[in-house]
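Step one of this worksheet: look at the structure below.
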Amino acid sequence: MTLTKNKYYFEALDNYPYSLPECLEALNYALSYDPEDADSLCLMGRIYSEMLSDYEKAKLYFEEAMLYDVNNLNTPQYYIKCLLDNEDFHEAARLIEYALKIKGIDKATIWFYRSLLSEKRGSFKNALKFLDESTKYCFTEYSLNVVKDRKKFVKSKMPKKIKSQKKKEVK
């Protein structure tokens, strides 16, 4: 039964986001074999969050996924993004704190989201600090470039007065 569930989950994952009808069909089959599968629930949450912008429904799927597997490496990063998009900043901060303790999780992505949270709250200085932390955990050129580009973007949003103060601190 697990092999069948995995087959449908991978089929759903393969179709996401390019063919949502096929993705949903396979995902529903996977969930019918194992309604407590965290990865399948997480993917359903992603569909509601990323494709349909139905954040409340997505949060229900993410919460259920976390309930069944609190150490799942996929769910926290997508759940955090959903919370940030829905402006649930307090919940996002708590989940980020928890996610950073999960062994094997992509810490570069979690710190990147922590930076995004600070930026959305208007704290550009903290956003840069968290991007520096994210850089420590970048192990591919692509992820490092994403963080560097985000740093440039955040710096461009900072008021001139703060930028000049930061330059003085560096000297």
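Ordering of the structure tokens sets the chain letters (A, B, ...), residue numbers begin anew at 1 in every chain, and ligands are numbered from 1 in the order given.
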
Hey, what's within 10 Å of Cys138 of chain A if we count only C-alpha atoms and toss same-chain stuff fewer than 3 positions away? As a PyMOL selection string, please? chain A and resi 106-109+133-135+141-147

Excluding Tyr61 of chain A and residues on its chain fewer than 5 positions from it, collect all residues at most 8 Å away from it, counting only C-alpha atoms, and give them as an MDAnalysis selection string. chainID A and resid 41:42 44:45

Can you pull out the residues contacting segment 75-79 of chain A? Cut-off 8 Å, using only C-alpha atoms, and skip same-chain residues under 3 positions away; I want them as a count of residues only. 17

Using only C-alpha atoms, pick whichever of A:Leu27, A:Val154, A:Ser49, A:Pro35 has the shortest atom-to-atom distance to Glu64 of chain A.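 When distances to Glu64 of chain A are compared using only C-alpha atoms, the smallest one comes from A:Pro35.
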
When DSSP is applied to the backbone of this structure, which of segment 1-159 of chain A are assigned helix (DSSP H, G or I)? Write them out as a ChimeraX atom specification. /A:2-15,20-33,38-51,55-68,75-85,89-99,107-120,124-136,141-157

Using only C-alpha atoms, determine which residues lie at most 12 Å from Tyr33 of chain A, disregarding the query and same-chain residues fewer than 3 positions distant; provide the list as a PyMOL selection string. chain A and resi 1-9+26-30+36-37+40

Take the selection from the previous step and output its residues with C-alpha atoms, as an mmCIF file, in the first residue's frame.
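Generated file (out.cif):
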data_model
loop_
_atom_site.group_PDB
_atom_site.id
_atom_site.type_symbol
_atom_site.label_atom_id
_atom_site.label_comp_id
_atom_site.auth_asym_id
_atom_site.auth_seq_id
_atom_site.Cartn_x
_atom_site.Cartn_y
_atom_site.Cartn_z
ATOM 1 C CA MET A 1 0.000 0.000 0.000
ATOM 2 C CA THR A 2 2.870 2.395 0.749
ATOM 3 C CA LEU A 3 4.322 1.785 -2.703
ATOM 4 C CA THR A 4 1.002 2.650 -4.309
ATOM 5 C CA LYS A 5 0.649 5.780 -2.185
ATOM 6 C CA ASN A 6 4.212 6.809 -3.076
ATOM 7 C CA LYS A 7 3.542 6.171 -6.753
ATOM 8 C CA TYR A 8 0.582 8.552 -6.691
ATOM 9 C CA TYR A 9 2.422 11.120 -4.571
ATOM 10 C CA ALA A 26 -2.948 11.695 -8.257
ATOM 11 C CA LEU A 27 -2.818 13.547 -4.939
ATOM 12 C CA ASN A 28 -6.366 12.532 -4.062
ATOM 13 C CA TYR A 29 -5.451 8.916 -4.801
ATOM 14 C CA ALA A 30 -2.354 9.212 -2.594
ATOM 15 C CA GLU A 36 -2.041 11.028 7.216
ATOM 16 C CA ASP A 37 0.837 11.327 4.728
ATOM 17 C CA SER A 40 0.843 14.633 0.335
#

Near Gly122 of chain A, within 12 Å and counting only C-alpha atoms, which residues show up once chain neighbours fewer than 5 positions away are dropped, as a JSON list (two decimals) with N, CA and C atoms, in the first residue's frame?
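Dumped everything to around_36.json:
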[["chain", "number", "residue", "atom", "x", "y", "z"],
["A", 115, "SER", "N", 14.51, 36.59, 7.09],
["A", 115, "SER", "CA", 14.84, 37.90, 6.56],
["A", 115, "SER", "C", 13.62, 38.56, 5.91],
["A", 116, "LEU", "N", 12.87, 37.78, 5.15],
["A", 116, "LEU", "CA", 11.67, 38.29, 4.50],
["A", 116, "LEU", "C", 10.65, 38.76, 5.54],
["A", 117, "LEU", "N", 10.55, 38.02, 6.63],
["A", 117, "LEU", "CA", 9.65, 38.42, 7.71],
["A", 117, "LEU", "C", 10.06, 39.79, 8.27],
["A", 127, "ALA", "N", 16.71, 42.44, 8.39],
["A", 127, "ALA", "CA", 16.59, 41.61, 7.20],
["A", 127, "ALA", "C", 17.97, 41.31, 6.63],
["A", 128, "LEU", "N", 18.83, 42.32, 6.60],
["A", 128, "LEU", "CA", 20.20, 42.12, 6.11],
["A", 128, "LEU", "C", 20.98, 41.18, 7.03],
["A", 154, "VAL", "N", 17.19, 44.64, -0.77],
["A", 154, "VAL", "CA", 16.84, 45.20, 0.54],
["A", 154, "VAL", "C", 17.62, 46.49, 0.77],
["A", 157, "LYS", "N", 16.09, 49.44, -0.79],
["A", 157, "LYS", "CA", 14.88, 49.93, -0.14],
["A", 157, "LYS", "C", 15.16, 50.74, 1.12],
["A", 158, "MET", "N", 16.39, 50.67, 1.59],
["A", 158, "MET", "CA", 16.74, 51.37, 2.83],
["A", 158, "MET", "C", 16.85, 52.86, 2.58],
["A", 159, "PRO", "N", 16.40, 53.65, 3.55],
["A", 159, "PRO", "CA", 16.57, 55.10, 3.42],
["A", 159, "PRO", "C", 18.05, 55.46, 3.36]]

Report, in Å to a single decimal, how far apart atom CA of Tyr98 of chain A and atom CA of Thr140 of chain A are.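 Those two atoms sit 24.1 Å apart.
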
Atom CA of Leu43 of chain A to atom CA of His90 of chain A, distance in Å rounded to a single decimal: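 So the two atoms, atom CA of Leu43 of chain A and atom CA of His90 of chain A, lie 23.2 Å apart.
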
Residue nearest Val70 of chain A among A:Asp149, A:Ser156, A:Arg121, A:Lys101 (counting only C-alpha atoms):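 Closest candidate: A:Lys101.
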
Ala93 of chain A proximity check over A:Lys81, A:Arg114, A:Asp54, A:Cys23, using only C-alpha atoms: winner is A:Arg114

What separation in Å, quoted to one decimal, exists between atom CA of Trp111 of chain A and atom CA of Lys129 of chain A?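 Atom CA of Lys129 of chain A lies 9.7 Å from atom CA of Trp111 of chain A.
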
Nearest-residue call for Lys136 of chain A, choices A:Leu24, A:Glu119, A:Phe112, A:Leu84, using only C-alpha atoms: A:Phe112

Close residues, Asp85 of chain A itself excluded, 9 Å, only C-alpha atoms, min 5 positions apart in chain, as an NGL selection string: :A and (49 or 53 or 55 or 80)

Residues as selected, N, CA and C atoms, written as an mmCIF file, in the first residue's frame, can you do that?
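Done, and the output landed in result_33.cif:
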data_model
loop_
_atom_site.group_PDB
_atom_site.id
_atom_site.type_symbol
_atom_site.label_atom_id
_atom_site.label_comp_id
_atom_site.auth_asym_id
_atom_site.auth_seq_id
_atom_site.Cartn_x
_atom_site.Cartn_y
_atom_site.Cartn_z
ATOM 1 N N SER A 49 -2.144 27.319 -1.343
ATOM 2 C CA SER A 49 -1.387 28.537 -1.045
ATOM 3 C C SER A 49 -0.840 29.192 -2.312
ATOM 4 N N SER A 53 -4.229 30.839 -3.795
ATOM 5 C CA SER A 53 -4.144 31.917 -2.799
ATOM 6 C C SER A 53 -5.235 31.808 -1.735
ATOM 7 N N TYR A 55 -5.210 30.941 1.548
ATOM 8 C CA TYR A 55 -4.246 30.702 2.613
ATOM 9 C C TYR A 55 -4.863 29.999 3.822
ATOM 10 N N ILE A 80 5.760 28.234 6.166
ATOM 11 C CA ILE A 80 6.266 29.571 6.507
ATOM 12 C C ILE A 80 5.945 30.553 5.388
#
